[in-house]
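Asks: This is the content of target.tsv (TSV, C-alpha atoms):
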```tsv
chain	number	residue	atom	x	y	z
V	24	MET	CA	225.64	59.41	195.14
V	25	ASN	CA	229.04	60.46	193.94
V	26	ILE	CA	228.62	61.54	190.37
V	27	GLU	CA	231.89	63.39	189.96
V	28	THR	CA	234.35	60.55	190.34
V	29	SER	CA	235.01	59.71	186.70
V	30	GLN	CA	235.73	63.01	185.01
V	31	PRO	CA	237.79	61.67	182.07
V	32	THR	CA	235.04	59.18	181.22
V	33	GLU	CA	232.44	61.85	181.63
V	34	ARG	CA	234.27	64.27	179.37
V	35	ALA	CA	234.41	61.58	176.72
V	36	LEU	CA	230.73	60.88	177.19
V	37	VAL	CA	229.86	64.54	176.86
V	38	ARG	CA	231.88	64.79	173.65
V	39	LEU	CA	230.13	61.76	172.20
V	40	ALA	CA	226.74	63.04	173.32
V	41	ALA	CA	227.44	66.40	171.72
V	42	ASP	CA	227.94	64.50	168.46
V	43	GLY	CA	224.55	62.89	168.90
V	44	ASP	CA	225.70	59.47	170.07
V	45	ALA	CA	222.57	57.75	171.38
V	46	HIS	CA	224.42	55.50	173.79
V	47	ALA	CA	226.36	58.38	175.36
V	48	ILE	CA	223.21	60.44	175.76
V	49	ARG	CA	221.50	57.49	177.41
V	50	VAL	CA	224.36	57.04	179.86
V	51	LEU	CA	224.30	60.72	180.80
V	52	TYR	CA	220.54	60.53	181.21
V	53	GLU	CA	220.71	57.51	183.49
V	54	ARG	CA	223.42	59.15	185.55
V	55	TYR	CA	221.70	62.49	186.09
V	56	ALA	CA	217.98	61.97	185.49
V	57	PRO	CA	217.14	61.56	189.21
V	58	ARG	CA	218.85	64.81	190.09
V	59	VAL	CA	217.26	66.71	187.22
V	60	TYR	CA	213.85	65.26	187.93
V	61	ALA	CA	214.07	66.04	191.65
V	62	VAL	CA	214.75	69.75	191.24
V	63	VAL	CA	212.25	70.13	188.42
V	64	ARG	CA	209.55	68.21	190.29
V	65	ARG	CA	209.94	70.35	193.36
V	66	ILE	CA	209.85	73.57	191.40
V	67	ALA	CA	206.84	72.42	189.40
V	68	GLY	CA	204.94	71.09	192.40
V	69	ASP	CA	203.14	68.69	190.08
V	70	ASP	CA	204.05	65.27	188.69
V	71	ASP	CA	202.66	65.76	185.18
V	72	LEU	CA	204.23	69.16	184.73
V	73	ALA	CA	207.47	67.85	186.16
V	74	GLN	CA	207.87	65.21	183.48
V	75	ASP	CA	207.28	67.76	180.73
V	76	TYR	CA	209.65	70.25	182.32
V	77	ALA	CA	212.35	67.65	182.87
V	78	GLN	CA	212.16	66.54	179.25
V	79	GLU	CA	212.38	70.13	178.11
V	80	ALA	CA	215.45	70.54	180.31
V	81	TRP	CA	217.12	67.50	178.75
V	82	ILE	CA	216.35	68.65	175.23
V	83	ARG	CA	217.82	72.07	175.98
V	84	ALA	CA	220.88	70.50	177.55
V	85	ILE	CA	221.54	68.10	174.68
V	86	ARG	CA	221.03	70.92	172.22
V	87	ALA	CA	223.50	73.09	174.12
V	88	LEU	CA	226.10	70.35	174.63
V	89	PRO	CA	228.38	71.62	171.83
V	90	THR	CA	228.71	74.87	173.81
V	91	PHE	CA	229.72	73.12	177.04
V	92	ARG	CA	233.39	73.98	177.55
V	93	GLY	CA	233.99	72.09	180.76
V	94	ASP	CA	234.67	75.24	182.79
V	95	SER	CA	232.27	73.93	185.42
V	96	ARG	CA	231.26	70.41	186.27
V	97	PHE	CA	228.81	68.91	183.84
V	98	SER	CA	226.39	68.20	186.69
V	99	THR	CA	226.45	71.86	187.76
V	100	TRP	CA	225.93	73.03	184.18
V	101	LEU	CA	223.07	70.59	183.66
V	102	HIS	CA	221.48	71.50	186.97
V	103	ARG	CA	221.41	75.18	186.07
V	104	ILE	CA	219.79	74.38	182.73
V	105	ALA	CA	217.19	72.26	184.50
V	106	VAL	CA	216.37	75.02	186.97
V	107	ASN	CA	216.09	77.64	184.24
V	108	ALA	CA	213.98	75.37	182.05
V	109	ALA	CA	211.62	74.58	184.90
V	110	LEU	CA	211.26	78.20	185.97
V	111	GLN	CA	210.63	79.36	182.42
V	112	ALA	CA	208.13	76.59	181.76
V	113	LEU	CA	206.37	77.34	185.04
V	114	ARG	CA	206.02	80.98	184.10
V	115	LYS	CA	204.44	79.95	180.80
V	116	THR	CA	202.10	77.59	182.62
V	117	GLU	CA	201.07	80.33	185.04
V	118	THR	CA	200.44	82.76	182.22
V	119	ARG	CA	198.32	80.21	180.40
V	120	ARG	CA	196.35	79.48	183.55
V	121	LYS	CA	195.66	83.16	184.08
V	122	HIS	CA	194.30	83.46	180.56
V	123	GLU	CA	192.21	80.34	181.03
V	124	GLY	CA	190.64	81.66	184.23
V	125	PRO	CA	190.78	80.27	187.74
V	126	LYS	CA	192.11	76.77	187.99
V	127	PRO	CA	190.25	74.03	189.80
V	128	ALA	CA	190.94	73.56	193.47
V	129	ASP	CA	194.38	72.12	194.01
V	130	VAL	CA	194.43	68.41	194.47
V	131	PRO	CA	196.99	67.31	197.02
V	132	ILE	CA	199.88	65.65	195.27
V	133	ALA	CA	201.60	62.84	196.98
V	134	PRO	CA	205.31	62.26	196.65
V	135	VAL	CA	206.35	59.72	194.05
V	136	HIS	CA	208.23	57.31	196.24
V	137	ARG	CA	207.56	55.26	199.29
V	138	ASP	CA	210.08	56.97	201.48
V	139	SER	CA	210.21	58.12	205.04
V	140	LEU	CA	207.31	59.89	206.65
V	141	LEU	CA	209.50	62.94	207.10
V	142	GLN	CA	210.20	63.12	203.37
V	143	LYS	CA	206.52	62.78	202.57
V	144	ARG	CA	205.66	65.58	204.96
V	145	LEU	CA	208.34	67.83	203.52
V	146	GLU	CA	207.38	67.16	199.90
V	147	ARG	CA	203.74	67.75	200.66
V	148	ALA	CA	204.44	70.96	202.53
V	149	LEU	CA	206.65	72.15	199.66
V	150	ASP	CA	203.78	71.57	197.25
V	151	GLY	CA	201.57	73.69	199.50
V	152	LEU	CA	203.79	76.77	199.41
V	153	PRO	CA	202.92	79.71	197.14
V	154	GLU	CA	204.95	79.60	193.91
V	155	GLY	CA	207.30	82.47	194.68
V	156	MET	CA	208.17	81.18	198.13
V	157	ARG	CA	208.60	77.62	196.90
V	158	ARG	CA	211.07	78.58	194.21
V	159	VAL	CA	213.31	80.47	196.61
V	160	LEU	CA	213.06	77.86	199.35
V	161	ILE	CA	213.92	75.02	196.96
V	162	LEU	CA	216.81	76.85	195.39
V	163	HIS	CA	218.27	77.93	198.73
V	164	ASP	CA	217.45	75.27	201.31
V	165	VAL	CA	217.19	72.22	199.04
V	166	GLU	CA	219.61	73.00	196.20
V	167	GLY	CA	222.07	75.18	198.08
V	168	TYR	CA	222.00	78.26	195.85
V	169	THR	CA	223.21	81.55	197.36
V	170	HIS	CA	220.93	84.58	197.39
V	171	GLU	CA	223.05	86.15	194.67
V	172	GLU	CA	222.63	83.07	192.47
V	173	ILE	CA	218.91	83.03	193.15
V	174	GLY	CA	218.78	86.69	192.21
V	175	ASP	CA	220.44	85.88	188.89
V	176	VAL	CA	218.14	82.99	188.14
V	177	LEU	CA	214.89	84.61	189.21
V	178	GLY	CA	215.72	88.18	188.20
V	179	VAL	CA	215.27	89.61	191.70
V	180	THR	CA	217.58	91.29	194.20
V	181	SER	CA	219.30	89.22	196.84
V	182	GLY	CA	217.33	91.19	199.43
V	183	THR	CA	214.07	90.03	197.87
V	184	SER	CA	215.40	86.50	197.82
V	185	LYS	CA	216.19	86.65	201.54
V	186	SER	CA	212.82	88.14	202.39
V	187	GLN	CA	211.01	85.41	200.40
V	188	LEU	CA	213.13	82.73	201.98
V	189	PHE	CA	212.32	83.75	205.54
V	190	LYS	CA	208.63	83.95	204.72
V	191	ALA	CA	208.81	80.57	203.03
V	192	ARG	CA	210.54	78.91	206.00
V	193	SER	CA	207.96	80.35	208.33
V	194	LYS	CA	205.08	79.24	206.11
V	195	MET	CA	206.66	75.82	205.74
V	196	ARG	CA	206.82	75.50	209.51
V	197	VAL	CA	203.07	76.20	209.72
V	198	LEU	CA	202.28	73.74	206.92
V	199	LEU	CA	204.33	71.03	208.57
V	200	ALA	CA	202.58	71.65	211.88
V	201	ASP	CA	199.23	71.34	210.09
V	202	LEU	CA	200.36	68.09	208.49
V	203	ASP	CA	201.33	66.77	211.91
V	204	GLY	CA	197.71	67.24	212.91
V	205	VAL	CA	196.47	65.50	209.78
V	206	LEU	CA	198.85	62.61	210.16
V	207	GLN	CA	197.77	61.99	213.72
V	208	GLU	CA	194.17	61.40	212.67
V	209	PRO	CA	193.00	57.88	211.92
V	210	GLY	CA	193.28	57.09	208.22
V	211	ALA	CA	195.64	59.98	207.64
V	212	GLU	CA	197.96	57.68	205.70
V	213	ALA	CA	195.45	57.72	202.85
V	214	TRP	CA	197.31	60.47	201.03
V	215	SER	CA	200.64	58.79	201.26
V	216	ILE	CA	201.81	56.22	198.79
B	27	MET	CA	211.32	91.98	224.87
B	28	GLU	CA	208.45	90.29	223.06
B	29	HIS	CA	208.88	86.87	221.45
B	30	LEU	CA	210.68	86.83	218.10
B	31	THR	CA	208.46	86.52	215.02
B	32	HIS	CA	208.55	83.36	212.92
B	33	GLU	CA	210.14	85.23	210.04
B	34	ARG	CA	212.82	86.65	212.26
B	35	LEU	CA	213.53	83.21	213.70
B	36	ALA	CA	213.69	81.87	210.13
B	37	ALA	CA	216.36	84.45	209.39
B	38	LEU	CA	218.35	83.40	212.45
B	39	VAL	CA	218.64	79.83	211.17
B	40	ASP	CA	221.69	80.81	209.15
B	41	GLY	CA	222.09	84.49	209.93
B	42	PRO	CA	223.46	86.51	212.84
B	43	SER	CA	221.32	87.73	215.74
B	44	THR	CA	221.51	91.13	217.38
B	45	ALA	CA	222.74	91.39	220.97
B	46	GLU	CA	219.18	91.97	222.11
B	47	GLU	CA	217.89	88.90	220.24
B	48	ALA	CA	220.71	86.76	221.62
B	49	THR	CA	219.87	87.83	225.15
B	50	HIS	CA	216.22	87.04	224.58
B	51	LEU	CA	216.94	83.62	223.12
B	52	ALA	CA	219.17	82.77	226.07
B	53	GLY	CA	216.24	83.26	228.40
B	54	CYS	CA	213.27	82.15	226.28
B	55	ASP	CA	212.65	78.44	225.92
B	56	ARG	CA	209.77	78.95	223.51
B	57	CYS	CA	211.76	80.98	220.96
B	58	THR	CA	214.78	78.72	221.35
B	59	ALA	CA	212.66	75.64	220.73
B	60	GLU	CA	211.07	77.25	217.69
B	61	LEU	CA	214.47	78.23	216.31
B	62	ASN	CA	215.75	74.68	216.78
B	63	THR	CA	212.70	73.32	214.97
B	64	LEU	CA	213.35	75.64	212.05
B	65	ARG	CA	216.99	74.55	211.95
B	66	GLU	CA	215.88	70.93	211.82
B	67	GLN	CA	213.47	71.80	209.04
B	68	VAL	CA	216.19	73.43	206.95
B	69	ALA	CA	218.56	70.53	207.56
B	70	ALA	CA	215.86	68.06	206.51
B	71	LEU	CA	215.17	70.01	203.32
B	72	GLY	CA	218.87	69.93	202.46
B	73	ALA	CA	218.87	66.17	202.86
B	74	LEU	CA	215.92	65.46	200.58
B	75	PRO	CA	216.83	62.67	198.15
B	76	GLU	CA	216.85	62.65	194.39
B	77	LEU	CA	213.67	61.45	192.70
B	78	MET	CA	213.38	58.87	189.96
B	79	PRO	CA	211.56	60.07	186.84
B	80	PRO	CA	208.50	58.08	185.75
B	81	LYS	CA	209.05	54.72	184.09
B	82	GLY	CA	209.39	54.97	180.35
B	83	ASP	CA	210.60	58.57	180.59
B	84	TRP	CA	213.73	57.81	178.60
B	85	TYR	CA	211.84	56.38	175.66
B	86	VAL	CA	209.63	59.45	175.42
B	87	LEU	CA	212.69	61.67	175.62
B	88	GLU	CA	214.61	59.59	173.08
B	89	ALA	CA	211.76	59.95	170.58
B	90	LYS	CA	211.75	63.72	171.08
B	91	LEU	CA	215.52	63.93	170.70
B	92	ARG	CA	215.37	61.94	167.49
B	93	SER	CA	212.55	64.07	166.13
B	94	GLU	CA	214.66	67.16	166.78
B	95	GLY	CA	217.69	65.60	165.13
B	96	LEU	CA	219.68	65.68	168.35
B	97	ILE	CA	220.44	61.99	168.09
B	98	ASN	CA	221.99	61.87	164.69
B	99	ASN	CA	223.83	58.60	164.71
B	100	PRO	CA	222.47	55.12	165.10
B	101	GLY	CA	224.31	54.13	168.28
B	102	ASN	CA	226.55	51.19	168.97
B	103	PHE	CA	224.04	48.44	168.26
B	104	MET	CA	223.13	49.87	164.90
B	105	ARG	CA	226.78	50.43	164.04
B	106	LEU	CA	227.35	46.73	164.61
B	107	GLY	CA	224.76	46.06	161.95
B	108	LEU	CA	222.07	44.60	164.20
B	109	ALA	CA	219.34	46.66	162.61
B	110	GLN	CA	220.08	45.22	159.21
B	111	THR	CA	220.39	41.69	160.52
B	112	PRO	CA	217.36	39.48	159.81
B	113	GLY	CA	215.77	37.86	162.82
B	114	TRP	CA	217.05	34.39	162.02
B	115	MET	CA	220.57	35.75	161.79
B	116	LYS	CA	220.20	37.22	165.24
B	117	ALA	CA	219.04	33.84	166.46
B	118	ALA	CA	222.06	32.26	164.87
B	119	ALA	CA	224.19	34.83	166.59
B	120	ALA	CA	222.66	33.80	169.89
B	121	VAL	CA	223.58	30.22	169.09
B	122	LEU	CA	227.12	31.24	168.42
B	123	LEU	CA	227.06	33.16	171.62
B	124	PHE	CA	226.53	30.07	173.68
B	125	LEU	CA	227.73	27.26	171.50
B	126	SER	CA	230.53	28.37	169.23
B	127	GLY	CA	234.25	28.07	169.60
B	128	THR	CA	236.69	30.94	169.53
B	129	GLY	CA	236.59	31.77	165.85
B	130	THR	CA	238.00	28.52	164.60
B	131	GLY	CA	234.80	27.76	162.72
B	132	VAL	CA	234.22	24.63	164.79
B	133	VAL	CA	230.84	24.58	166.49
B	134	MET	CA	231.04	23.10	169.93
B	135	THR	CA	229.13	23.37	173.15
B	136	GLN	CA	230.59	25.50	175.89
B	137	PRO	CA	228.75	24.35	179.00
B	138	GLY	CA	230.71	26.57	181.32
B	139	MET	CA	229.51	29.80	179.76
B	140	GLN	CA	225.94	28.63	179.61
B	141	GLU	CA	225.95	27.48	183.22
B	142	ASP	CA	227.36	30.76	184.39
B	143	THR	CA	224.65	32.86	182.83
B	144	SER	CA	221.94	30.37	183.77
B	145	LEU	CA	222.99	30.54	187.39
B	146	MET	CA	223.09	34.28	187.16
B	147	ALA	CA	219.50	34.34	186.01
B	148	ASP	CA	218.48	32.06	188.86
B	149	ARG	CA	220.26	34.17	191.44
B	150	VAL	CA	218.60	37.41	190.46
B	151	VAL	CA	217.31	39.07	193.61
B	152	SER	CA	217.17	42.73	192.68
B	153	VAL	CA	216.66	45.07	189.78
B	154	GLU	CA	220.40	45.61	189.67
B	155	ASP	CA	220.98	41.87	189.38
B	156	ALA	CA	218.41	41.66	186.63
B	157	ALA	CA	219.87	44.58	184.75
B	158	SER	CA	223.32	43.09	185.13
B	159	ALA	CA	222.14	39.72	183.79
B	160	VAL	CA	220.56	41.35	180.78
B	161	ARG	CA	223.60	43.56	180.19
B	162	MET	CA	225.79	40.48	180.18
B	163	ALA	CA	223.48	38.73	177.74
B	164	GLU	CA	223.36	41.86	175.62
B	165	GLN	CA	227.14	42.16	175.52
B	166	GLN	CA	227.51	38.52	174.64
B	167	TYR	CA	224.84	38.93	172.02
B	168	VAL	CA	226.70	41.76	170.34
B	169	SER	CA	229.92	39.75	170.44
B	170	ALA	CA	228.09	36.84	168.90
B	171	VAL	CA	226.69	38.95	166.09
B	172	THR	CA	230.14	40.23	165.29
B	173	GLU	CA	231.53	36.73	165.30
B	174	TYR	CA	228.67	35.40	163.23
B	175	ARG	CA	229.18	38.05	160.60
B	176	GLN	CA	232.80	37.05	160.50
B	177	LEU	CA	231.80	33.45	159.91
B	178	LEU	CA	229.32	34.40	157.21
B	179	ALA	CA	232.16	36.00	155.34
B	180	ASP	CA	234.07	32.79	155.68
B	181	ASP	CA	232.83	29.93	153.51
B	182	GLY	CA	234.36	27.54	155.95
B	183	GLY	CA	231.69	28.29	158.58
B	184	VAL	CA	229.97	25.23	159.96
B	185	ALA	CA	226.21	24.93	160.36
B	186	VAL	CA	224.80	25.00	163.85
B	187	ASP	CA	222.64	22.18	165.11
B	188	PRO	CA	219.03	23.52	165.34
B	189	ILE	CA	218.50	21.73	168.63
B	190	ASN	CA	221.47	23.50	170.15
B	191	ARG	CA	220.16	26.71	168.66
B	192	PHE	CA	216.83	26.17	170.40
B	193	ALA	CA	218.59	25.42	173.68
B	194	ALA	CA	220.59	28.62	173.45
B	195	LEU	CA	217.49	30.67	172.78
B	196	GLU	CA	215.70	29.00	175.66
B	197	HIS	CA	218.52	30.10	177.88
B	198	LEU	CA	218.29	33.65	176.58
B	199	VAL	CA	214.57	33.64	177.37
B	200	ARG	CA	215.27	32.50	180.92
B	201	VAL	CA	217.72	35.33	181.48
B	202	SER	CA	215.23	37.83	180.11
B	203	GLN	CA	212.36	36.42	182.15
B	204	ALA	CA	214.39	36.75	185.31
B	205	ALA	CA	215.02	40.37	184.46
B	206	VAL	CA	211.38	41.12	183.72
B	207	ARG	CA	210.28	39.51	186.98
B	208	GLN	CA	212.34	42.11	188.79
B	209	ALA	CA	211.25	45.07	186.67
B	210	PRO	CA	207.91	44.12	185.14
B	211	GLY	CA	207.17	47.60	183.84
B	212	ASP	CA	210.44	48.14	182.01
B	213	PRO	CA	209.64	48.41	178.28
B	214	PHE	CA	213.20	47.59	177.21
B	215	LEU	CA	213.31	44.36	179.19
B	216	ASN	CA	209.87	43.38	177.99
B	217	GLY	CA	210.83	44.03	174.39
B	218	PHE	CA	214.01	42.03	174.82
B	219	LEU	CA	212.06	39.13	176.28
B	220	ALA	CA	209.41	39.23	173.55
B	221	SER	CA	212.08	39.10	170.83
B	222	ALA	CA	213.89	36.23	172.50
B	223	MET	CA	210.65	34.27	172.93
B	224	ALA	CA	209.68	34.81	169.30
B	225	GLU	CA	213.07	33.55	168.11
B	226	ARG	CA	212.91	30.58	170.45
B	227	ASP	CA	209.41	29.62	169.27
B	228	ALA	CA	210.53	29.90	165.66
B	229	ALA	CA	213.48	27.65	166.43
B	230	LEU	CA	211.18	25.15	168.12
B	231	ARG	CA	208.92	25.04	165.07
B	232	MET	CA	211.95	24.47	162.89
B	233	VAL	CA	213.13	21.59	165.04
B	234	SER	CA	209.65	20.07	165.15
B	235	SER	CA	209.26	20.18	161.38
B	236	GLY	CA	212.68	18.67	160.86
B	237	GLN	CA	213.97	21.63	158.88
B	238	ASP	CA	217.56	21.27	159.77
B	239	ASN	CA	218.85	22.99	156.67
B	240	TRP	CA	217.92	26.48	157.85
B	241	PHE	CA	221.50	27.67	157.74
```
Could you write out this structure as structure tokens?

Replies:
Amino acid sequence: MNIETSQPTERALVRLAADGDAHAIRVLYERYAPRVYAVVRRIAGDDDLAQDYAQEAWIRAIRALPTFRGDSRFSTWLHRIAVNAALQALRKTETRRKHEGPKPADVPIAPVHRDSLLQKRLERALDGLPEGMRRVLILHDVEGYTHEEIGDVLGVTSGTSKSQLFKARSKMRVLLADLDGVLQEPGAEAWSI
Amino acid sequence: MEHLTHERLAALVDGPSTAEEATHLAGCDRCTAELNTLREQVAALGALPELMPPKGDWYVLEAKLRSEGLINNPGNFMRLGLAQTPGWMKAAAAVLLFLSGTGTGVVMTQPGMQEDTSLMADRVVSVEDAASAVRMAEQQYVSAVTEYRQLLADDGGVAVDPINRFAALEHLVRVSQAAVRQAPGDPFLNGFLASAMAERDAALRMVSSGQDNWF
């Protein structure tokens, strides 16, 4: 999807949205909601959390619109807000869970859409990664962040980011191999939508 | 040299290898195959698609934005005065949408326009078609409201035949039903359809009771 083709229109939309124009905000939402939801969903690893995190990201973005100067693309600016919002919300969720005691056994979460088997396997394996590894893997291999950018966002060194990434890729490889075994069993499609 | 570890192979996906590692990979099918698998994995991750948020997400968000005062103007529809327009005026606007002339104050049927949108409703084969049909109806509706308000301000406006009014609303219902068939869970489309049906039923009751002086 090419979302950068109509910059003048988008600038006008952003200005209107910054003034609180409901129609402009709706148009921006419809244009970018899938991208925001995708990155937030993958970071959250959970559908219910993802919706909350995505909404928080949008609220932050709309609130911050008057400060958007257009130095970067709106999509890039929004994406960074979404990532930060999701990471911050996830940290809060983790802290709350620690205080509440051990959480129930993880229930496998199926991907939202009826897409290719490969996508289902990847989404499921992503959900199975430990939090730290998943964040780095998503930011680097899915979203294309550099290790320096990941360091800025996560507050770690680029060396730590690299180390986590290589571990995450390796773990992902194992999870995907395990899923191959599951998917070859009769009735293995039960988890897929 | 022993086989390369998984983590080391993961690093070689997009990083340089030492001379020793390169020599090993050149002669080791197992490590080469594993490295290629990891490369495919990374490529597949980079190609993952966007994901649609849950249905109704916008409406939840809109309510939150309003509660926080981040939507501080009423939007285009409200600016046009739709929110202050009584239901029967909206219905009259729909009549004008399909039946009125071009601001001359003479009410006349425009079969071409009605046929176009009717056909559009019948040809709906996708959500995009449905959304397009409703958008067209919505745009025409707004135009009609504007025109109707203009006529209200003009004492020379001519009353609209209630039967034609009912026919216009019936058409609007058909367009909306076609849209809802394609996206049955969409709350906006369902709300649009419910409003159109209510107006149509009210018009039908008016015709049945012979109240032709509603204007």

Asks: Go ahead and compute the interatomic distance for CA of His32 (chain B) and CA of Ser193 (chain V), in Å to one decimal.

Replies: 5.5 Å

Asks: Quick one: distance from CA of Arg158 (chain V) to CA of Ile104 (chain V) in Å, one decimal?

Replies: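 If I compute the distance from CA of Arg158 (chain V) to CA of Ile104 (chain V), I get 15.0 Å.
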
Asks: May I have the residues of chain V within 9 Å of chain B, counting only C-alpha atoms, written as number ranges by chain?

Replies: V: 40-49, 52-53, 56-62, 64, 70, 73-74, 77-79, 81-82, 85-86, 135-136, 141-142, 145-146, 161, 163-167, 185-186, 188-196

Asks: Write to file, as a short mmCIF file (atom, residue, chain, number, x, y, z; two decimals), keeping the file's coordinate frame, the residues of the selection just made, with C-alpha atoms.

Replies:
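This is the output file again23.cif:
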```cif
data_model
loop_
_atom_site.label_atom_id
_atom_site.label_comp_id
_atom_site.auth_asym_id
_atom_site.auth_seq_id
_atom_site.Cartn_x
_atom_site.Cartn_y
_atom_site.Cartn_z
CA ALA V 40 226.74 63.04 173.32
CA ALA V 41 227.44 66.40 171.72
CA ASP V 42 227.94 64.50 168.46
CA GLY V 43 224.55 62.89 168.90
CA ASP V 44 225.70 59.47 170.07
CA ALA V 45 222.57 57.75 171.38
CA HIS V 46 224.42 55.50 173.79
CA ALA V 47 226.36 58.38 175.36
CA ILE V 48 223.21 60.44 175.76
CA ARG V 49 221.50 57.49 177.41
CA TYR V 52 220.54 60.53 181.21
CA GLU V 53 220.71 57.51 183.49
CA ALA V 56 217.98 61.97 185.49
CA PRO V 57 217.14 61.56 189.21
CA ARG V 58 218.85 64.81 190.09
CA VAL V 59 217.26 66.71 187.22
CA TYR V 60 213.85 65.26 187.93
CA ALA V 61 214.07 66.04 191.65
CA VAL V 62 214.75 69.75 191.24
CA ARG V 64 209.55 68.21 190.29
CA ASP V 70 204.05 65.27 188.69
CA ALA V 73 207.47 67.85 186.16
CA GLN V 74 207.87 65.21 183.48
CA ALA V 77 212.35 67.65 182.87
CA GLN V 78 212.16 66.54 179.25
CA GLU V 79 212.38 70.13 178.11
CA TRP V 81 217.12 67.50 178.75
CA ILE V 82 216.35 68.65 175.23
CA ILE V 85 221.54 68.10 174.68
CA ARG V 86 221.03 70.92 172.22
CA VAL V 135 206.35 59.72 194.05
CA HIS V 136 208.23 57.31 196.24
CA LEU V 141 209.50 62.94 207.10
CA GLN V 142 210.20 63.12 203.37
CA LEU V 145 208.34 67.83 203.52
CA GLU V 146 207.38 67.16 199.90
CA ILE V 161 213.92 75.02 196.96
CA HIS V 163 218.27 77.93 198.73
CA ASP V 164 217.45 75.27 201.31
CA VAL V 165 217.19 72.22 199.04
CA GLU V 166 219.61 73.00 196.20
CA GLY V 167 222.07 75.18 198.08
CA LYS V 185 216.19 86.65 201.54
CA SER V 186 212.82 88.14 202.39
CA LEU V 188 213.13 82.73 201.98
CA PHE V 189 212.32 83.75 205.54
CA LYS V 190 208.63 83.95 204.72
CA ALA V 191 208.81 80.57 203.03
CA ARG V 192 210.54 78.91 206.00
CA SER V 193 207.96 80.35 208.33
CA LYS V 194 205.08 79.24 206.11
CA MET V 195 206.66 75.82 205.74
CA ARG V 196 206.82 75.50 209.51
#
```

Asks: Please define a box with edges along x, y and z of the file around all atoms of region 66-69 of chain V given in the file, extend it by 5 Å on each side, and return its centre and edge lengths in Å to one decimal, as JSON.

Replies:
```
{"center_x": 206.5, "center_y": 71.1, "center_z": 190.9, "size_x": 16.7, "size_y": 14.9, "size_z": 13.0}
```

Asks: Do you have the CA of Gly182 (chain V)-CA of Ala80 (chain V) distance handy?

Replies: 28.2 Å

Asks: Quick one: residues within 9 Å of region 49-55 of chain B, all atoms listed in the file, excluding same-chain residues fewer than 2 positions away - as a ChimeraX atom specification?

Replies: /B:27-30,44-47,57-60

Asks: Based on the selection just made, write C-alpha atoms of those residues as an mmCIF file, in the coordinates of the input.

Replies:
```
data_model
loop_
_atom_site.group_PDB
_atom_site.id
_atom_site.type_symbol
_atom_site.label_atom_id
_atom_site.label_comp_id
_atom_site.auth_asym_id
_atom_site.auth_seq_id
_atom_site.Cartn_x
_atom_site.Cartn_y
_atom_site.Cartn_z
ATOM 1 C CA MET B 27 211.320 91.980 224.870
ATOM 2 C CA GLU B 28 208.450 90.290 223.060
ATOM 3 C CA HIS B 29 208.880 86.870 221.450
ATOM 4 C CA LEU B 30 210.680 86.830 218.100
ATOM 5 C CA THR B 44 221.510 91.130 217.380
ATOM 6 C CA ALA B 45 222.740 91.390 220.970
ATOM 7 C CA GLU B 46 219.180 91.970 222.110
ATOM 8 C CA GLU B 47 217.890 88.900 220.240
ATOM 9 C CA CYS B 57 211.760 80.980 220.960
ATOM 10 C CA THR B 58 214.780 78.720 221.350
ATOM 11 C CA ALA B 59 212.660 75.640 220.730
ATOM 12 C CA GLU B 60 211.070 77.250 217.690
#
```
